[in-house]
Structures are given as C-alpha cells and as structure tokens.
$ cat coords_5.cif   # mmCIF, C-alpha atoms and all ligand atoms
data_query
loop_
_atom_site.label_atom_id
_atom_site.label_comp_id
_atom_site.auth_asym_id
_atom_site.auth_seq_id
_atom_site.Cartn_x
_atom_site.Cartn_y
_atom_site.Cartn_z
CA MET N 655 0.00 0.00 0.00
CA ILE N 656 1.34 3.46 -0.90
CA PRO N 657 1.76 5.55 2.25
CA ASP N 658 -0.17 8.83 2.44
CA LEU N 659 3.03 10.58 3.44
CA GLU N 660 6.63 9.51 3.14
CA CYS N 661 9.73 11.50 4.06
CA GLN N 662 13.08 10.16 2.92
CA SER N 663 16.34 11.44 4.47
CA LEU N 664 14.65 14.79 5.01
CA THR N 665 17.20 17.43 5.99
CA LYS N 666 17.04 21.16 6.68
CA SER N 667 20.05 23.30 7.45
CA PHE N 668 19.87 26.94 8.40
CA THR N 669 22.96 29.16 8.51
CA GLU N 670 23.76 28.34 12.12
CA THR N 671 22.09 25.00 12.70
CA THR N 672 20.86 21.80 11.06
CA ALA N 673 17.31 21.62 12.39
CA VAL N 674 16.35 18.31 10.70
CA LYS N 675 19.03 15.67 10.14
CA GLY N 676 18.07 13.02 7.60
CA VAL N 677 14.68 11.99 8.97
CA SER N 678 12.85 9.11 7.22
CA PHE N 679 9.35 7.94 8.01
CA SER N 680 6.12 6.91 6.36
CA VAL N 681 2.53 7.36 7.46
CA ALA N 682 -0.09 4.75 6.59
CA PRO N 683 -3.35 5.96 5.01
CA GLY N 684 -5.98 7.16 7.46
CA SER N 685 -3.75 7.11 10.51
CA PHE N 686 -2.96 9.59 13.27
CA PHE N 687 0.80 10.19 13.35
CA SER N 688 2.41 12.44 15.95
CA ILE N 689 5.85 13.93 16.15
CA LEU N 690 6.67 14.41 19.82
CA GLY N 691 9.72 16.22 21.09
CA PRO N 692 11.04 19.07 23.22
CA SER N 693 11.06 22.68 22.11
CA GLY N 694 13.60 23.34 19.36
CA CYS N 695 14.05 19.70 18.26
CA GLY N 696 12.86 20.44 14.69
CA LYS N 697 9.16 19.49 14.67
CA THR N 698 7.85 22.71 13.12
CA THR N 699 10.62 22.67 10.52
CA ILE N 700 9.43 19.22 9.35
CA MET N 701 5.82 20.44 9.15
CA ARG N 702 6.78 23.55 7.23
CA MET N 703 8.70 21.46 4.71
CA ILE N 704 5.73 19.09 4.24
CA ALA N 705 3.39 22.07 3.79
CA GLY N 706 5.81 23.62 1.29
CA PHE N 707 6.62 26.78 3.28
CA LEU N 708 10.28 25.71 3.53
CA GLU N 709 12.50 24.08 0.91
CA PRO N 710 14.39 21.01 2.25
CA THR N 711 18.20 21.08 2.03
CA GLY N 712 18.10 17.37 1.18
CA GLY N 713 15.80 14.38 0.92
CA ASP N 714 12.32 13.93 -0.47
CA ILE N 715 8.70 14.33 0.63
CA ARG N 716 6.12 12.13 -1.12
CA ILE N 717 2.38 12.35 -0.76
CA LYS N 718 0.53 9.31 -2.07
CA GLY N 719 3.74 8.37 -3.85
CA LYS N 720 4.24 11.72 -5.63
CA SER N 721 7.26 13.88 -4.82
CA MET N 722 6.34 17.32 -3.48
CA LEU N 723 9.73 18.89 -4.23
CA ASN N 724 9.16 22.00 -6.33
CA VAL N 725 5.36 21.80 -5.83
CA PRO N 726 4.12 25.15 -4.40
CA PRO N 727 2.19 25.06 -1.08
CA ASN N 728 -1.20 25.81 -2.65
CA LYS N 729 -0.80 22.90 -5.08
CA ARG N 730 0.02 20.31 -2.38
CA PRO N 731 -2.80 18.02 -1.19
CA VAL N 732 -2.12 19.06 2.43
CA ASN N 733 -3.65 21.59 4.74
CA MET N 734 -2.49 22.93 8.09
CA VAL N 735 -4.16 23.88 11.38
CA PHE N 736 -2.03 26.34 13.34
CA GLN N 737 -1.88 26.80 17.12
CA HIS N 738 -3.51 30.24 16.79
CA LEU N 739 -6.08 28.71 14.35
CA ALA N 740 -5.89 31.77 12.03
CA LEU N 741 -9.70 32.10 11.67
CA PHE N 742 -10.90 35.39 10.17
CA PRO N 743 -12.82 37.32 12.85
CA MET N 744 -14.59 39.64 10.39
CA MET N 745 -16.15 36.71 8.49
CA ASN N 746 -18.95 34.44 9.68
CA ILE N 747 -18.45 30.68 10.03
CA ALA N 748 -19.69 29.86 6.51
CA GLU N 749 -17.37 32.47 4.99
CA ASN N 750 -14.44 31.17 7.01
CA ILE N 751 -15.00 27.57 5.99
CA GLY N 752 -15.83 28.43 2.38
CA TYR N 753 -12.78 30.68 1.96
CA GLY N 754 -10.57 28.07 0.23
CA LEU N 755 -13.45 26.89 -1.98
CA ARG N 756 -14.16 30.46 -3.14
CA ARG N 757 -10.49 30.86 -4.04
CA VAL N 758 -10.65 27.86 -6.36
CA GLY N 759 -13.81 29.27 -7.94
CA LEU N 760 -16.40 26.70 -6.89
CA PRO N 761 -20.02 27.75 -7.59
CA LYS N 762 -21.83 29.37 -4.66
CA ALA N 763 -24.46 26.65 -4.26
CA GLU N 764 -21.76 23.97 -4.18
CA ILE N 765 -19.85 25.91 -1.51
CA THR N 766 -23.00 26.25 0.61
CA ARG N 767 -23.64 22.51 0.34
CA LYS N 768 -20.06 21.54 1.21
CA VAL N 769 -19.91 23.97 4.15
CA GLY N 770 -23.16 22.56 5.56
CA GLU N 771 -21.89 19.02 5.12
CA VAL N 772 -18.54 19.61 6.83
CA LEU N 773 -20.23 21.45 9.73
CA ASP N 774 -22.42 18.37 10.23
CA ARG N 775 -19.35 16.17 10.28
CA VAL N 776 -17.61 18.24 12.96
CA GLY N 777 -20.79 18.22 15.04
CA LEU N 778 -21.72 21.90 14.57
CA PRO N 779 -24.74 21.86 12.23
CA GLY N 780 -26.52 25.11 11.47
CA ILE N 781 -23.97 27.60 12.80
CA GLU N 782 -23.11 29.07 9.38
CA ASN N 783 -24.15 32.62 10.28
CA ARG N 784 -22.45 32.86 13.67
CA LYS N 785 -19.36 35.02 14.15
CA ILE N 786 -16.03 33.51 15.28
CA ASP N 787 -16.12 35.36 18.62
CA GLU N 788 -19.52 33.80 19.35
CA LEU N 789 -17.90 30.35 19.57
CA SER N 790 -16.32 28.51 22.50
CA GLY N 791 -12.65 27.52 22.34
CA GLY N 792 -13.56 23.93 21.44
CA GLN N 793 -15.98 25.05 18.72
CA LYS N 794 -13.29 27.28 17.19
CA GLN N 795 -10.98 24.27 17.01
CA ARG N 796 -13.63 22.30 15.17
CA VAL N 797 -14.30 25.16 12.75
CA ALA N 798 -10.56 25.43 12.04
CA ILE N 799 -10.49 21.72 11.23
CA ALA N 800 -13.67 22.00 9.13
CA ARG N 801 -12.08 24.85 7.14
CA CYS N 802 -9.18 22.55 6.23
CA MET N 803 -11.19 19.38 5.74
CA VAL N 804 -13.68 21.00 3.35
CA LEU N 805 -10.80 21.10 0.85
CA GLU N 806 -10.44 17.31 1.18
CA PRO N 807 -6.66 17.20 1.73
CA ASP N 808 -4.82 13.86 1.64
CA VAL N 809 -2.94 14.89 4.78
CA LEU N 810 -3.92 17.33 7.52
CA LEU N 811 -1.01 18.87 9.43
CA LEU N 812 -1.72 20.09 12.96
CA ASP N 813 0.85 22.31 14.68
CA GLU N 814 0.14 22.15 18.44
CA PRO N 815 -3.50 23.23 17.94
CA LEU N 816 -4.40 22.56 21.57
CA GLY N 817 -1.51 24.57 23.00
CA ALA N 818 -3.54 27.69 23.80
CA LEU N 819 -6.47 25.89 25.50
CA ASP N 820 -6.98 25.48 29.22
CA LEU N 821 -6.30 22.06 30.72
CA LYS N 822 -9.88 20.83 30.92
CA LEU N 823 -10.76 21.75 27.34
CA ARG N 824 -7.46 20.30 26.15
CA GLU N 825 -8.37 16.96 27.75
CA ARG N 826 -11.75 16.95 25.98
CA MET N 827 -10.32 18.07 22.64
CA LYS N 828 -7.78 15.22 22.61
CA ILE N 829 -10.64 12.76 22.46
CA GLU N 830 -12.62 14.89 19.99
CA LEU N 831 -9.67 15.30 17.65
CA LYS N 832 -9.08 11.57 17.58
CA SER N 833 -12.72 10.86 16.77
CA LEU N 834 -12.79 13.61 14.12
CA GLN N 835 -9.75 12.03 12.48
CA ALA N 836 -11.46 8.64 12.48
CA ALA N 837 -14.69 10.14 11.13
CA PHE N 838 -12.91 11.87 8.23
CA ASP N 839 -10.68 8.81 7.71
CA THR N 840 -7.89 11.20 6.72
CA THR N 841 -4.25 11.08 7.72
CA PHE N 842 -3.45 13.55 10.49
CA VAL N 843 0.14 14.52 11.25
CA TYR N 844 0.27 16.22 14.61
CA ILE N 845 3.20 17.89 16.32
CA THR N 846 3.42 18.46 20.03
CA HIS N 847 5.82 18.66 22.95
CA ASP N 848 3.06 17.30 25.21
CA GLN N 849 3.43 13.55 25.59
CA SER N 850 -0.07 13.08 27.00
CA GLU N 851 -1.57 14.47 23.76
CA ALA N 852 0.57 12.20 21.62
CA LEU N 853 -0.02 9.10 23.75
CA VAL N 854 -3.81 9.48 23.79
CA MET N 855 -4.46 10.30 20.14
CA SER N 856 -1.84 8.65 17.98
CA ASP N 857 -1.67 5.39 16.07
CA GLN N 858 2.08 6.00 15.69
CA ILE N 859 4.37 8.44 17.47
CA ALA N 860 7.83 9.57 16.42
CA VAL N 861 9.91 10.81 19.34
CA MET N 862 12.22 13.51 18.06
CA ASN N 863 15.40 14.84 19.61
CA GLU N 864 17.93 17.29 18.19
CA GLY N 865 16.80 16.97 14.59
CA GLN N 866 16.47 13.18 14.53
CA PHE N 867 13.84 10.55 15.24
CA GLU N 868 14.85 8.48 18.26
CA GLN N 869 12.03 5.93 17.91
CA VAL N 870 8.80 5.48 16.01
CA GLY N 871 6.11 3.27 17.50
CA THR N 872 2.76 2.98 19.19
CA ALA N 873 2.19 4.66 22.56
CA ARG N 874 2.63 1.23 24.19
CA ASP N 875 5.92 0.57 22.37
CA LEU N 876 7.34 3.86 23.54
CA TYR N 877 6.11 3.47 27.08
CA TYR N 878 6.96 -0.18 27.67
CA ARG N 879 9.78 -0.75 25.19
CA PRO N 880 11.78 2.47 24.87
CA GLN N 881 14.83 1.99 22.69
CA SER N 882 16.91 4.86 24.02
CA ALA N 883 17.52 6.65 27.28
CA PHE N 884 16.03 9.78 25.72
CA VAL N 885 12.71 8.04 24.96
CA ALA N 886 12.61 6.34 28.37
CA GLY N 887 13.19 9.69 30.06
CA PHE N 888 10.88 11.76 27.84
CA VAL N 889 7.83 9.49 27.70
CA GLY N 890 6.11 8.89 31.04
CA ASP N 891 7.58 9.20 34.53
CA SER N 892 10.46 7.08 35.75
CA ASN N 893 12.87 6.59 38.57
CA ARG N 894 16.27 7.04 36.98
CA TRP N 895 19.73 5.96 38.08
CA THR N 896 23.15 6.31 36.53
CA GLY N 897 26.04 4.13 37.65
CA THR N 898 28.75 1.63 36.77
CA VAL N 899 28.07 -1.89 35.54
CA GLU N 900 29.51 -4.10 38.30
CA GLN N 901 28.48 -7.47 36.89
CA ALA N 902 27.25 -8.48 33.45
CA GLU N 903 25.91 -11.90 32.51
CA GLY N 904 23.90 -12.57 29.38
CA ASN N 905 21.30 -9.83 29.17
CA ARG N 906 21.40 -9.08 32.90
CA ILE N 907 23.56 -6.53 34.65
CA ALA N 908 24.06 -5.32 38.19
CA LEU N 909 24.61 -1.58 38.33
CA ARG N 910 26.22 0.26 41.26
CA THR N 911 24.59 3.68 41.50
CA GLN N 912 26.41 6.83 42.55
CA ASP N 913 24.78 6.60 45.99
CA GLY N 914 25.92 2.99 46.47
CA MET N 915 22.76 1.05 45.63
CA LEU N 916 23.08 -2.18 43.61
CA ILE N 917 20.31 -2.57 41.01
CA THR N 918 19.72 -5.59 38.81
CA SER N 919 18.37 -4.95 35.36
CA ALA N 920 17.64 -6.81 32.15
CA THR N 921 19.27 -5.06 29.21
CA GLN N 922 17.55 -4.65 25.88
CA GLY N 923 19.52 -6.16 23.03
CA GLY N 924 22.74 -7.56 24.45
CA SER N 925 24.89 -6.95 27.46
CA LEU N 926 26.72 -3.88 28.63
CA PRO N 927 30.42 -4.32 29.48
CA THR N 928 31.53 -4.50 33.10
CA GLY N 929 32.98 -1.20 34.23
CA SER N 930 30.96 0.86 31.71
CA MET N 931 28.51 3.59 32.63
CA ALA N 932 24.81 2.79 32.26
CA GLU N 933 21.45 4.31 33.03
CA ILE N 934 18.43 2.49 34.44
CA PHE N 935 14.78 3.58 34.28
CA LEU N 936 12.01 2.17 36.45
CA ARG N 937 8.32 3.11 36.16
CA PRO N 938 6.76 4.07 39.52
CA GLU N 939 3.88 1.65 38.88
CA ALA N 940 6.27 -1.30 38.45
CA VAL N 941 7.32 -1.12 42.12
CA ARG N 942 5.51 -3.40 44.59
CA VAL N 943 5.02 -2.49 48.25
CA ALA N 944 4.77 -4.86 51.24
CA HIS N 945 4.62 -4.62 55.03
CA ASP N 946 6.67 -7.78 55.27
CA ALA N 947 9.97 -8.11 53.38
CA ALA N 948 9.35 -11.86 52.91
CA ASP N 949 6.43 -11.05 50.57
CA LEU N 950 8.91 -9.56 48.09
CA ALA N 951 11.32 -12.51 47.99
CA ARG N 952 10.48 -13.15 44.31
CA PHE N 953 12.02 -9.82 43.24
CA ASP N 954 15.70 -9.43 42.46
CA ASN N 955 15.56 -5.79 43.63
CA ARG N 956 14.42 -5.13 47.20
CA LEU N 957 14.69 -2.21 49.56
CA SER N 958 13.46 -1.27 53.01
CA GLY N 959 12.67 2.28 54.00
CA GLU N 960 9.95 4.69 55.00
CA VAL N 961 7.38 6.84 53.22
CA SER N 962 9.01 10.26 52.90
CA SER N 963 6.20 12.00 51.01
CA LEU N 964 2.70 11.44 49.68
CA LEU N 965 1.23 12.93 46.53
CA PHE N 966 -2.50 12.41 46.04
CA ASN N 967 -3.31 12.32 42.34
CA GLY N 968 -6.98 11.37 41.95
CA ALA N 969 -7.15 7.80 40.70
CA ALA N 970 -3.76 6.87 42.13
CA SER N 971 -1.35 8.05 44.79
CA ARG N 972 2.34 8.63 44.42
CA ILE N 973 4.61 8.01 47.36
CA LEU N 974 8.28 8.61 47.75
CA VAL N 975 10.07 5.89 49.68
CA ARG N 976 13.37 6.80 51.28
CA GLY N 977 15.57 3.70 51.44
CA ASP N 978 17.74 2.90 54.46
CA THR N 979 20.76 4.33 52.68
CA GLY N 980 18.99 7.53 51.64
CA GLN N 981 17.83 6.83 48.03
CA GLN N 982 14.40 8.17 47.10
CA ILE N 983 12.18 5.95 44.96
CA GLU N 984 8.85 7.00 43.51
CA VAL N 985 6.05 4.45 43.72
CA THR N 986 2.50 4.57 42.34
CA LEU N 987 -0.22 3.00 44.46
CA PRO N 988 -3.81 2.35 43.38
CA GLN N 989 -6.27 4.40 45.42
CA SER N 990 -8.30 1.40 46.49
CA GLY N 991 -5.50 -0.96 47.48
CA GLU N 992 -4.30 -2.09 50.88
CA PHE N 993 -1.58 0.60 50.92
CA ALA N 994 -3.82 3.52 49.93
CA SER N 995 -3.78 4.95 53.45
CA LEU N 996 -0.04 4.76 54.09
CA ALA N 997 1.07 7.70 56.20
CA LYS N 998 4.22 9.74 55.97
CA GLY N 999 6.94 8.04 58.00
CA ALA N 1000 5.37 4.56 57.71
CA PRO N 1001 7.94 1.78 57.33
CA VAL N 1002 7.62 -0.11 54.03
CA HIS N 1003 9.42 -2.67 51.92
CA ILE N 1004 9.53 -2.30 48.16
CA GLY N 1005 10.65 -4.56 45.35
CA TRP N 1006 10.71 -4.82 41.57
CA ALA N 1007 11.83 -7.23 38.88
CA GLY N 1008 14.91 -6.49 36.78
CA GLU N 1009 12.75 -7.20 33.70
CA GLN N 1010 10.60 -4.19 34.62
CA THR N 1011 13.46 -1.76 34.14
CA ALA N 1012 14.92 -0.27 30.99
CA CYS N 1013 18.68 -0.05 30.83
CA PHE N 1014 20.93 1.81 28.40
CA SER N 1015 24.59 2.54 27.97
CA ALA N 1016 25.52 5.96 29.33
CA GLU N 1017 28.96 5.96 27.76
CA PRO N 1018 29.71 9.28 26.05
P1 LIG P 1 8.92 24.41 19.30
O1 LIG P 1 8.22 23.24 19.95
O2 LIG P 1 9.53 25.34 20.29
O3 LIG P 1 8.11 25.09 18.25
P2 LIG P 1 10.33 22.87 17.29
O4 LIG P 1 10.65 21.47 17.70
O5 LIG P 1 9.14 23.05 16.41
O6 LIG P 1 10.23 23.80 18.56
P3 LIG P 1 11.80 24.21 15.19
O7 LIG P 1 10.95 25.44 15.19
O8 LIG P 1 11.62 23.26 14.07
O9 LIG P 1 11.63 23.42 16.57
O10 LIG P 1 13.32 24.67 15.27
C1 LIG P 1 14.42 23.76 15.22
C2 LIG P 1 15.73 24.52 15.23
O11 LIG P 1 15.87 25.26 14.02
C3 LIG P 1 15.85 25.54 16.36
O12 LIG P 1 17.18 25.55 16.81
C4 LIG P 1 15.50 26.85 15.68
O13 LIG P 1 16.14 27.94 16.32
C5 LIG P 1 16.04 26.63 14.28
N1 LIG P 1 15.28 27.38 13.27
C6 LIG P 1 13.96 27.22 12.97
N2 LIG P 1 13.60 28.06 11.97
C7 LIG P 1 14.72 28.76 11.61
C8 LIG P 1 15.01 29.76 10.64
N3 LIG P 1 14.06 30.20 9.80
N4 LIG P 1 16.27 30.24 10.58
C9 LIG P 1 17.22 29.77 11.40
N5 LIG P 1 17.03 28.82 12.34
C10 LIG P 1 15.80 28.31 12.45
#
$ encode --input "coords_5.cif" --output "structure tokens"
Amino acid sequence: MIPDLECQSLTKSFTETTAVKGVSFSVAPGSFFSILGPSGCGKTTIMRMIAGFLEPTGGDIRIKGKSMLNVPPNKRPVNMVFQHLALFPMMNIAENIGYGLRRVGLPKAEITRKVGEVLDRVGLPGIENRKIDELSGGQKQRVAIARCMVLEPDVLLLDEPLGALDLKLRERMKIELKSLQAAFDTTFVYITHDQSEALVMSDQIAVMNEGQFEQVGTARDLYYRPQSAFVAGFVGDSNRWTGTVEQAEGNRIALRTQDGMLITSATQGGSLPTGSMAEIFLRPEAVRVAHDAADLARFDNRLSGEVSSLLFNGAASRILVRGDTGQQIEVTLPQSGEFASLAKGAPVHIGWAGEQTACFSAEP
C-alpha cells in the first residue's frame, strides 16, 4: 500500500544549525501520526517542509507516492491547522469555511452545500451565520479543522493546535480530535511537545530529539519498550539511576549507583560491558510495596525504608520511599489498594523485577 506521506532522508540546514538531520518515516493511510519532542528539536521545521513553506536542504517528501519537491504550497494536497487557528474574525463561520473553496472558484451553491456538510461532520450543524467570537474555544478548534477538511486534503497537518487551551478543554479536545480524524478517515500529522496528547491520540508516534527521530512506535511501544535513554526519560515518569556496571551476565547486569545502591536490570539487546557507565529507568507503577519483606522474595531488587512524602493524584497516589541508605524511589499505588492509606513516616518494603526496568549505555 502506498503511504499517504513519506519522508526520505529529510534534511534542513539553516545558517547556524541543522534543524532536521536526515529523517525518514512513512505514514499509513488514514492514521494519526504524531511527532513528539522538546522545544527546538525540529518538529515545526518538518511540518513547514511538508506544507511547502520551507524548501528542504536534502531528501524527499512524497504524498501518495508523488514527490512534493518544487510543488508550491497551494498545489500540495495538504492543509495545516495552526496553534492560533488563524480564523478570520470579520467573516462568519460559513465564509471562514468556504474561503478556500471560493479561491478555487467553486459555484456558490456547491460551496454552501459543502460547508453545511462539513459542519455536520464536525458536530456543529446550522452555525453558518455565527461570528467567530460567538464560539467557545472547542468550537473554534472544530471550525478550524472544518475549514481545512472541506478542501479534502490527503494529509492534515496540525501544529500544536491545543496549546492555547486550558487544561480541561485540552483533555476533551484530545478525544474529539481523535474521533474527528477517524470520522474523516484522513491522515493527520500532529506535532506536540506534550506527551499526553501524543499518547492518547496517535496510532504511531515519532519521538524527536535534536533533529532526529529516536524511535517510532505505538504509545505502548514507547512506554513499555523504549529503545533509548532519551525516549525512556521523555515518555512517562520514571525513577532514573546512573552508575557503573559491576556485573554483566547474558542480558542481565548489576549496576552500582552513585549513591551505592546495587540494582539488577535486564538489558535490551545484548549486554553492557563490566565497568561501563549505564542508566536504568524504572516506572513508579512497576514497584511493589509490602509490610513484610518476605512477601517480596520473588524480586531481584528489594529495599526497606519509610514513606518520605505522599502525593495524592486522583485515581492513584504517588509516594516517595526513602531507602535505608537515603535513596528516594517513587512508587504509584492504586487508590483502592491495601496501601492507599499509608502515612508519611510509615515503614515499608519495596521490590521490583529487573525485567521491569529499561537499561541503556551511558557511555559518552
Ligand atoms: P517548538 O516546539 O519550540 O516550536 P520545534 O521542535 O518546532 O520547537 P523548530 O521550530 O523546528 O523546533 O526549530 C528547530 C531549530 O531550528 C531551532 O534551533 C530553531 O532555532 C532553528 N530554526 C527554525 N527556523 C529557523 C530559521 N528560519 N532560521 C534559522 N534557524 C531556524
């Protein structure tokens, strides 16, 4: 099957910096693809090249198999929703949505029909005559999407469109955007620095760092099987230790941390040499808690300590456990479990399996 979008060795150099360094990826038809990365990693530069606002220094961009190099922005089968939405406040909703259709000279009756149809599809029927400032933040988002989708692009590019919304609306819009994408059955390429947006909405996520893709995968792949320390640290919360590999056997290592703790970990893809520096990540929800140390005998990592702080977080609680030798370990506890009412200062035992950690070389 020909991908809706394919970038091959895409590169963009500016005078002082190379913002995108040979990025290759393809996006299957009708899927939600996100590029997730910290500020300045090159996300917007990729979008602007796909949209045609920036010429690549190298590589190719193909939409439905056709190279977009030298195709002007208005001739590309893509459209873009910006963070500030760029709706025209002096026009009503119908005029806003019909703007692109008027520019290509479609007859008036056809425009009216298409505008009505797309408003139905975004769940806002009959609001043609309203003004932009008579809409809620969520409705404006949907109108901005309708204005793009009425032109039936092969690919819709979305540049952090939820960035300006308050938290509650953002949560709702994540779900709405995903269902709009499914309803239109059109490929969405979404850029964000907010992992929770990418994890909730995307079929595939590319984690980007310093101009390159570190890993492309589903939300589960990235969360449970990170392939680099950057991905493990950027996606989700983790306890994180750096230290020296003291023992290495097969795919298992024992790492001595800087504060003297010995942690056993399973390495991904081969061993790490004894004496080398490595980094270990452990999800707070992978840690088990017990009143009795004997209940944790099955784990190769065990620690005794006390609860040093409690963080209530709705559905779950976070506790920090201070080990006997001073290390702090973050643990997630379900709200309804036996340990939900642990108090600060309570003695606890914790344990986790080496297989639950992610371990990477930290050699320079
Ligand atoms: P943010 O999330 O903050 O928008 P981003 O990941 O989208 O960041 P880009 O805007 O793509 O990052 O920028 C990547 C790098 O390229 C940055 O170092 C930026 O300063 C640089 N850059 C972007 N546009 C230009 C330009 N027109 N001229 C020179 N440098 C640029």
$ axis_aligned_box --input "coords_5.cif" --around "ligand LIG 1 (chain P)" --padding-each-side "5 Å" --output "AutoDock Vina command-line options"
--center_x 12.7 --center_y 25.9 --center_z 15.0 --size_x 19.1 --size_y 18.8 --size_z 20.5
$ residues_around --input "coords_5.cif" --residues "Ile751 of chain N" --least-positions-apart "4" --cutoff "10 Å" --atoms "only C-alpha atoms" --output "short mmCIF file (atom, residue, chain, number, x, y, z; two decimals) with C-alpha atoms, keeping the file's coordinate frame"
data_model
loop_
_atom_site.label_atom_id
_atom_site.label_comp_id
_atom_site.auth_asym_id
_atom_site.auth_seq_id
_atom_site.Cartn_x
_atom_site.Cartn_y
_atom_site.Cartn_z
CA LEU N 741 -9.70 32.10 11.67
CA PHE N 742 -10.90 35.39 10.17
CA MET N 745 -16.15 36.71 8.49
CA ASN N 746 -18.95 34.44 9.68
CA ILE N 747 -18.45 30.68 10.03
CA LEU N 755 -13.45 26.89 -1.98
CA ARG N 756 -14.16 30.46 -3.14
CA ILE N 765 -19.85 25.91 -1.51
CA THR N 766 -23.00 26.25 0.61
CA LYS N 768 -20.06 21.54 1.21
CA VAL N 769 -19.91 23.97 4.15
CA GLY N 770 -23.16 22.56 5.56
CA VAL N 772 -18.54 19.61 6.83
CA LEU N 773 -20.23 21.45 9.73
CA GLU N 782 -23.11 29.07 9.38
CA VAL N 797 -14.30 25.16 12.75
CA ALA N 798 -10.56 25.43 12.04
CA ILE N 799 -10.49 21.72 11.23
CA ALA N 800 -13.67 22.00 9.13
CA ARG N 801 -12.08 24.85 7.14
CA CYS N 802 -9.18 22.55 6.23
CA MET N 803 -11.19 19.38 5.74
CA VAL N 804 -13.68 21.00 3.35
CA LEU N 805 -10.80 21.10 0.85
#
$ closest_residue --input "coords_5.cif" --among "N:Arg767, N:Arg784, N:Lys697, N:Arg942" --to "Lys675 of chain N" --atoms "all atoms listed in the file"
N:Lys697
$ residues_near_ligand --input "coords_5.cif" --ligand "ligand LIG 1 (chain P)" --cutoff "8 Å" --atoms "only C-alpha atoms and all ligand atoms" --output "list of chain:residue names"
N:Ser667, N:Phe668, N:Thr669, N:Glu670, N:Thr671, N:Thr672, N:Ala673, N:Val674, N:Gly691, N:Pro692, N:Ser693, N:Gly694, N:Cys695, N:Gly696, N:Lys697, N:Thr698, N:Thr699, N:Ile700, N:Ile845, N:Thr846, N:His847, N:Glu864, N:Gly865
$ closest_residue --input "coords_5.cif" --among "N:Phe1014, N:Tyr844, N:Tyr878, N:Phe935" --to "Glu984 of chain N" --atoms "all atoms listed in the file"
N:Phe935
$ atom_distance --input "coords_5.cif" --atom1 "atom CA of Thr921 of chain N" --atom2 "atom CA of Gly980 of chain N"
25.7 Å
$ closest_residue --input "coords_5.cif" --among "N:Leu723, N:Ala1012, N:Met827, N:Ala970" --to "Tyr877 of chain N" --atoms "all atoms listed in the file"
N:Ala1012
$ residues_near_point --input "coords_5.cif" --point "(8.1, 3.8, 38.7)" --cutoff "6 Å" --atoms "only C-alpha atoms" --output "ChimeraX atom specification"
/N:892-893,936-940,984-985
$ closest_atom_pairs --input "coords_5.cif" --of "segment 904-970 of chain N" --to "segment 991-999 of chain N" --cutoff "7 Å" --atoms "only C-alpha atoms" --output "tab-separated table"
residue	atom	partner	partner_atom	distance
N:Glu960	CA	N:Gly999	CA	5.4
N:Val961	CA	N:Gly999	CA	4.9
N:Ser962	CA	N:Lys998	CA	5.7
N:Ser963	CA	N:Lys998	CA	5.8
N:Leu964	CA	N:Lys998	CA	6.7
$ closest_residue --input "coords_5.cif" --among "N:Ile1004, N:Met915, N:Ala948, N:Cys1013" --to "Ala932 of chain N" --atoms "all atoms listed in the file"
N:Cys1013
$ atom_distance --input "coords_5.cif" --atom1 "atom CA of Leu821 of chain N" --atom2 "atom CA of Gln849 of chain N"
13.9 Å
